[in-house]
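Beneath this line is the structure, given in structure tokens, with notes to follow.
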Amino acid sequence: FLVGELVGHGPAATALDFGAGPTLHHALPLAAQVASIDVADLLDDNLDQIRRWQRAAPGAHDWSAFTRTVLGFEGGAVDSAAVASREALLRRRLRRLHRADADWPDPLGAAARAGYDIVLSCYCADSATADPRTCRRYLTNIASLLAPGGLLLLACLRRCAAYRVGGRRFPAAGIDERQLVDWLAEPALGLGLRRLE
């Protein structure tokens with residue numbers, strides 16, 4: 001999904017991966033399409049994991065299996081040199097790591113409001129609450145970071161009440177694509193969306 005959407009979008013200056021957690025697999029396709037990538041998450045520990053990977057610190061998570069998958073979807077070489085090249089590119093493209101909260105009207109703080117050409121948020125707003133109204137508020141706040149005419153990429157759990165990670169259970173808002181489209185099309189959101197899928 002991400003690779004396909006980015007291929008048709010063309011190069012962009014800035015991207016934000018909002019609610020990334022301690023992961024970089026969603027940012028890997030962005031690296032070839034943008035000049036810089038900011039990452040935002042609620043937890044400092046998650047951002048620290050990304051910093052460790054960016055510095056190639058001993059024991060940092062190995063994202064190479066995901067890198068190979070992304071390169072394969074893009075149709076390019078998938079050898080070790082291509083993997084190393086894409087990961088080096090992502091390390092260069094990573095610019096700022098923000099502590100952020102989707103519950104804040106300015107999720108990154110007022111100084112960073114609005115201006116990203118691409119805002120990517122996967123399993124964030126819908127996976128942080130069981131309440132659809134709260135999910136809608138989170139999505140509205142995240143979407144406020146998008147520059148006019150920008151590309152908003154969302155991935156959400158479909159009609160899911162909860163999910164598990166290991167032995168822990170987390171809430172989900174139980175939304176579906178129709179509800180998401182309705183919210184994003186609201187004029188009050190100010191996105192002026194041309195296409196919703």
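If you're wondering about the labels, chains in the structure tokens are A, B, ... by order shown, residues count from 1 in each chain, ligands from 1 in order shown.
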
With only C-alpha atoms as the counted atoms, please give the residues lying no more than 9 Å from Pro22 in chain A, apart from itself and same-chain residues fewer than 3 positions off, as an mmCIF file with N, CA, C and O atoms, in the first residue's frame.
```cif
data_model
loop_
_atom_site.group_PDB
_atom_site.id
_atom_site.type_symbol
_atom_site.label_atom_id
_atom_site.label_comp_id
_atom_site.auth_asym_id
_atom_site.auth_seq_id
_atom_site.Cartn_x
_atom_site.Cartn_y
_atom_site.Cartn_z
ATOM 1 N N ASP A 41 6.422 10.221 18.235
ATOM 2 C CA ASP A 41 5.798 9.192 19.055
ATOM 3 C C ASP A 41 5.576 9.728 20.456
ATOM 4 O O ASP A 41 6.262 10.656 20.902
ATOM 5 N N LEU A 43 6.087 8.004 23.259
ATOM 6 C CA LEU A 43 7.017 7.452 24.243
ATOM 7 C C LEU A 43 8.477 7.732 23.898
ATOM 8 O O LEU A 43 8.941 7.402 22.799
ATOM 9 N N ASP A 45 10.990 6.133 25.056
ATOM 10 C CA ASP A 45 11.679 4.859 24.839
ATOM 11 C C ASP A 45 11.598 4.431 23.377
ATOM 12 O O ASP A 45 12.566 3.896 22.823
ATOM 13 N N ASN A 46 10.455 4.666 22.735
ATOM 14 C CA ASN A 46 10.324 4.331 21.319
ATOM 15 C C ASN A 46 11.263 5.175 20.468
ATOM 16 O O ASN A 46 11.931 4.671 19.564
ATOM 17 N N LEU A 47 11.326 6.453 20.756
ATOM 18 C CA LEU A 47 12.224 7.346 20.015
ATOM 19 C C LEU A 47 13.683 6.975 20.253
ATOM 20 O O LEU A 47 14.507 7.051 19.339
ATOM 21 N N ASP A 48 13.999 6.539 21.463
ATOM 22 C CA ASP A 48 15.370 6.099 21.765
ATOM 23 C C ASP A 48 15.759 4.883 20.922
ATOM 24 O O ASP A 48 16.910 4.781 20.473
ATOM 25 N N GLN A 49 14.819 3.964 20.688
ATOM 26 C CA GLN A 49 15.109 2.806 19.844
ATOM 27 C C GLN A 49 15.427 3.244 18.410
ATOM 28 O O GLN A 49 16.323 2.694 17.768
ATOM 29 N N ILE A 50 14.717 4.232 17.934
ATOM 30 C CA ILE A 50 14.984 4.750 16.586
ATOM 31 C C ILE A 50 16.340 5.437 16.550
ATOM 32 O O ILE A 50 17.121 5.256 15.603
#
```

Residues of range 59-186 of chain A in helix (DSSP H, G or I) according to DSSP, as a PyMOL selection string?
chain A and resi 64-74+80-93+110-112+125-127+132-143+177-184

Would you mind telling me which residue in A:Val181, A:Ala172, A:Ala15, A:Leu139 lies nearest to Leu120 in chain A when using only C-alpha atoms?
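Result for the nearest residue to Leu120 in chain A: A:Ala15.
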
Measuring between only C-alpha atoms, which one of A:Asp101, A:Asp106, A:Asp79, A:Asp117 shows the shortest distance to Ile37 in chain A?
A:Asp117

I need the residues in range 20-182 of chain A that are strand (DSSP E or B) according to DSSP; give them as a short mmCIF file (atom, residue, chain, number, x, y, z; two decimals) with C-alpha atoms, in the first residue's frame.
```cif
data_model
loop_
_atom_site.label_atom_id
_atom_site.label_comp_id
_atom_site.auth_asym_id
_atom_site.auth_seq_id
_atom_site.Cartn_x
_atom_site.Cartn_y
_atom_site.Cartn_z
CA VAL A 34 11.44 12.72 0.36
CA ALA A 35 14.29 14.99 1.36
CA SER A 36 13.68 14.60 5.08
CA ILE A 37 11.65 12.48 7.47
CA ASP A 38 10.57 13.42 10.97
CA VAL A 39 9.33 10.76 13.35
CA ALA A 40 6.89 11.39 16.18
CA ASP A 41 5.80 9.19 19.05
CA LEU A 94 15.83 11.03 9.39
CA ARG A 95 15.85 14.59 10.64
CA ARG A 96 13.99 15.17 13.89
CA LEU A 97 12.46 12.83 16.41
CA HIS A 98 9.55 14.47 18.22
CA ARG A 99 7.81 13.54 21.42
CA TYR A 116 4.55 18.30 6.00
CA ASP A 117 4.14 17.26 2.38
CA ILE A 118 3.41 13.71 3.53
CA VAL A 119 1.94 12.64 6.86
CA LEU A 120 1.97 8.92 7.50
CA SER A 121 0.23 7.41 10.51
CA CYS A 122 -0.22 3.67 10.81
CA LEU A 146 -0.36 18.14 6.66
CA ALA A 147 0.53 20.97 4.30
CA PRO A 148 -2.18 22.07 1.82
CA GLY A 149 -2.20 19.67 -1.12
CA GLY A 150 -0.17 17.12 0.81
CA LEU A 151 -0.56 13.35 0.99
CA LEU A 152 -2.13 11.79 4.09
CA LEU A 153 -1.43 8.07 4.40
CA LEU A 154 -3.33 6.17 7.10
CA ALA A 155 -3.50 2.51 8.03
CA ALA A 162 -8.76 -4.78 20.73
CA TYR A 163 -5.42 -6.30 19.75
CA ARG A 164 -2.64 -8.14 21.55
CA VAL A 165 1.09 -7.63 21.65
CA ARG A 168 -0.83 -7.42 26.67
CA ARG A 169 -4.20 -6.38 25.32
CA PHE A 170 -4.67 -2.90 23.83
CA PRO A 171 -7.86 -1.05 22.85
#
```

Pick from A:Pro187, A:Pro11, A:Pro29, A:Gly19 nearest to Ser127 in chain A, counting only C-alpha atoms:
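Distance minimum relative to Ser127 in chain A lands on A:Gly19.
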
Between A:Leu145, A:Ala185, A:Leu89, A:Ala57, smallest distance to Thr14 in chain A by only C-alpha atoms belongs to A:Leu145

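Closest approach to Ile142 in chain A among A:Leu16, A:His25, A:Ala56, A:Arg91: A:Leu16, based on only C-alpha atoms.
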
Pick out the residues sitting within 12 Å of range 64-70 of chain A, and hand them over as a ChimeraX atom specification; count only C-alpha atoms, and ignore anything fewer than 5 positions along from it in its own chain.
/A:1-4,6,23-32,53,75-90

Write the selection just made, keeping N, CA and C atoms, as a tab-separated table (two decimals), in the first residue's frame?
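The resulting part.tsv:
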```tsv
chain	number	residue	atom	x	y	z
A	1	PHE	N	0.83	-1.20	0.00
A	1	PHE	CA	0.00	0.00	0.00
A	1	PHE	C	0.87	1.26	0.00
A	2	LEU	N	1.82	1.34	0.94
A	2	LEU	CA	2.65	2.54	1.03
A	2	LEU	C	3.50	2.72	-0.22
A	3	VAL	N	4.12	1.65	-0.66
A	3	VAL	CA	4.96	1.75	-1.86
A	3	VAL	C	4.12	2.21	-3.05
A	4	GLY	N	2.96	1.63	-3.23
A	4	GLY	CA	2.10	2.00	-4.36
A	4	GLY	C	1.66	3.45	-4.32
A	6	LEU	N	3.16	5.96	-2.79
A	6	LEU	CA	4.31	6.87	-2.93
A	6	LEU	C	4.83	6.92	-4.35
A	23	THR	N	9.53	1.66	15.69
A	23	THR	CA	9.73	0.99	14.40
A	23	THR	C	10.08	1.95	13.27
A	24	LEU	N	10.67	1.37	12.22
A	24	LEU	CA	11.03	2.15	11.03
A	24	LEU	C	10.53	1.53	9.74
A	25	HIS	N	9.82	0.42	9.82
A	25	HIS	CA	9.43	-0.25	8.59
A	25	HIS	C	8.49	0.57	7.72
A	26	HIS	N	7.69	1.45	8.32
A	26	HIS	CA	6.82	2.31	7.51
A	26	HIS	C	7.60	3.47	6.88
A	27	ALA	N	8.71	3.85	7.49
A	27	ALA	CA	9.52	4.94	6.96
A	27	ALA	C	10.41	4.50	5.80
A	28	LEU	N	10.69	3.21	5.69
A	28	LEU	CA	11.60	2.74	4.65
A	28	LEU	C	11.17	3.14	3.24
A	29	PRO	N	9.89	3.03	2.86
A	29	PRO	CA	9.53	3.48	1.51
A	29	PRO	C	9.59	5.00	1.34
A	30	LEU	N	9.45	5.74	2.44
A	30	LEU	CA	9.52	7.20	2.36
A	30	LEU	C	10.92	7.69	1.97
A	31	ALA	N	11.93	6.99	2.41
A	31	ALA	CA	13.31	7.47	2.26
A	31	ALA	C	13.66	7.81	0.82
A	32	ALA	N	13.16	7.05	-0.13
A	32	ALA	CA	13.48	7.29	-1.55
A	32	ALA	C	12.63	8.39	-2.17
A	53	TRP	N	19.06	2.86	16.31
A	53	TRP	CA	19.20	2.32	14.96
A	53	TRP	C	19.89	3.34	14.06
A	75	GLY	N	10.39	-3.09	-6.90
A	75	GLY	CA	10.84	-3.67	-8.15
A	75	GLY	C	12.32	-3.51	-8.42
A	76	GLY	N	13.08	-3.09	-7.43
A	76	GLY	CA	14.52	-2.90	-7.61
A	76	GLY	C	15.31	-4.09	-7.10
A	77	ALA	N	16.62	-3.91	-7.04
A	77	ALA	CA	17.51	-4.95	-6.52
A	77	ALA	C	17.22	-5.17	-5.04
A	78	VAL	N	17.41	-6.43	-4.62
A	78	VAL	CA	17.13	-6.79	-3.23
A	78	VAL	C	18.36	-7.44	-2.61
A	79	ASP	N	19.53	-7.17	-3.16
A	79	ASP	CA	20.74	-7.78	-2.61
A	79	ASP	C	21.24	-6.99	-1.40
A	80	SER	N	22.29	-7.47	-0.77
A	80	SER	CA	22.78	-6.85	0.46
A	80	SER	C	23.27	-5.42	0.22
A	81	ALA	N	23.80	-5.13	-0.96
A	81	ALA	CA	24.25	-3.76	-1.26
A	81	ALA	C	23.05	-2.82	-1.35
A	82	ALA	N	21.96	-3.27	-1.96
A	82	ALA	CA	20.76	-2.43	-2.06
A	82	ALA	C	20.15	-2.20	-0.69
A	83	VAL	N	20.14	-3.22	0.16
A	83	VAL	CA	19.61	-3.08	1.52
A	83	VAL	C	20.45	-2.07	2.29
A	84	ALA	N	21.76	-2.21	2.22
A	84	ALA	CA	22.65	-1.28	2.93
A	84	ALA	C	22.46	0.15	2.41
A	85	SER	N	22.29	0.29	1.11
A	85	SER	CA	22.11	1.61	0.52
A	85	SER	C	20.82	2.26	0.99
A	86	ARG	N	19.70	1.51	1.00
A	86	ARG	CA	18.43	2.08	1.43
A	86	ARG	C	18.48	2.44	2.92
A	87	GLU	N	19.09	1.59	3.73
A	87	GLU	CA	19.15	1.89	5.16
A	87	GLU	C	20.05	3.09	5.43
A	88	ALA	N	21.13	3.23	4.66
A	88	ALA	CA	21.99	4.41	4.80
A	88	ALA	C	21.22	5.67	4.38
A	89	LEU	N	20.42	5.55	3.33
A	89	LEU	CA	19.60	6.68	2.88
A	89	LEU	C	18.59	7.07	3.96
A	90	LEU	N	17.94	6.09	4.57
A	90	LEU	CA	16.98	6.40	5.63
A	90	LEU	C	17.68	7.06	6.82
```

Between CA of Ala128 in chain A and CA of Glu177 in chain A - distance in Å to one decimal
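Computed distance, CA of Glu177 in chain A to CA of Ala128 in chain A, equals 17.3 Å.
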
Hey, can you check how far CA of Val7 in chain A sits from CA of Cys124 in chain A?
23.4 Å

Which residue of A:Leu180, A:Cys135, A:Ala130, A:Ala143 approaches Gly115 in chain A most closely, using only C-alpha atoms
A:Ala143

Can you measure CA of Ala13 in chain A to CA of Gln33 in chain A for me? One decimal in Å is fine.
8.3 Å

Residues at most 8 Å from Cys160 in chain A, counting only C-alpha atoms, excluding those fewer than 4 positions away in the same chain, as a tab-separated table (two decimals) with N, CA and C atoms, in the first residue's frame?
```
chain	number	residue	atom	x	y	z
A	172	ALA	N	-8.85	-0.79	20.67
A	172	ALA	CA	-8.96	-0.29	19.30
A	172	ALA	C	-10.35	0.32	19.13
A	173	ALA	N	-10.46	1.29	18.25
A	173	ALA	CA	-11.69	2.08	18.13
A	173	ALA	C	-12.82	1.39	17.37
A	174	GLY	N	-12.54	0.29	16.70
A	174	GLY	CA	-13.59	-0.44	16.00
A	174	GLY	C	-14.14	0.26	14.77
A	175	ILE	N	-13.37	1.15	14.18
A	175	ILE	CA	-13.85	1.90	13.01
A	175	ILE	C	-13.69	1.08	11.74
```
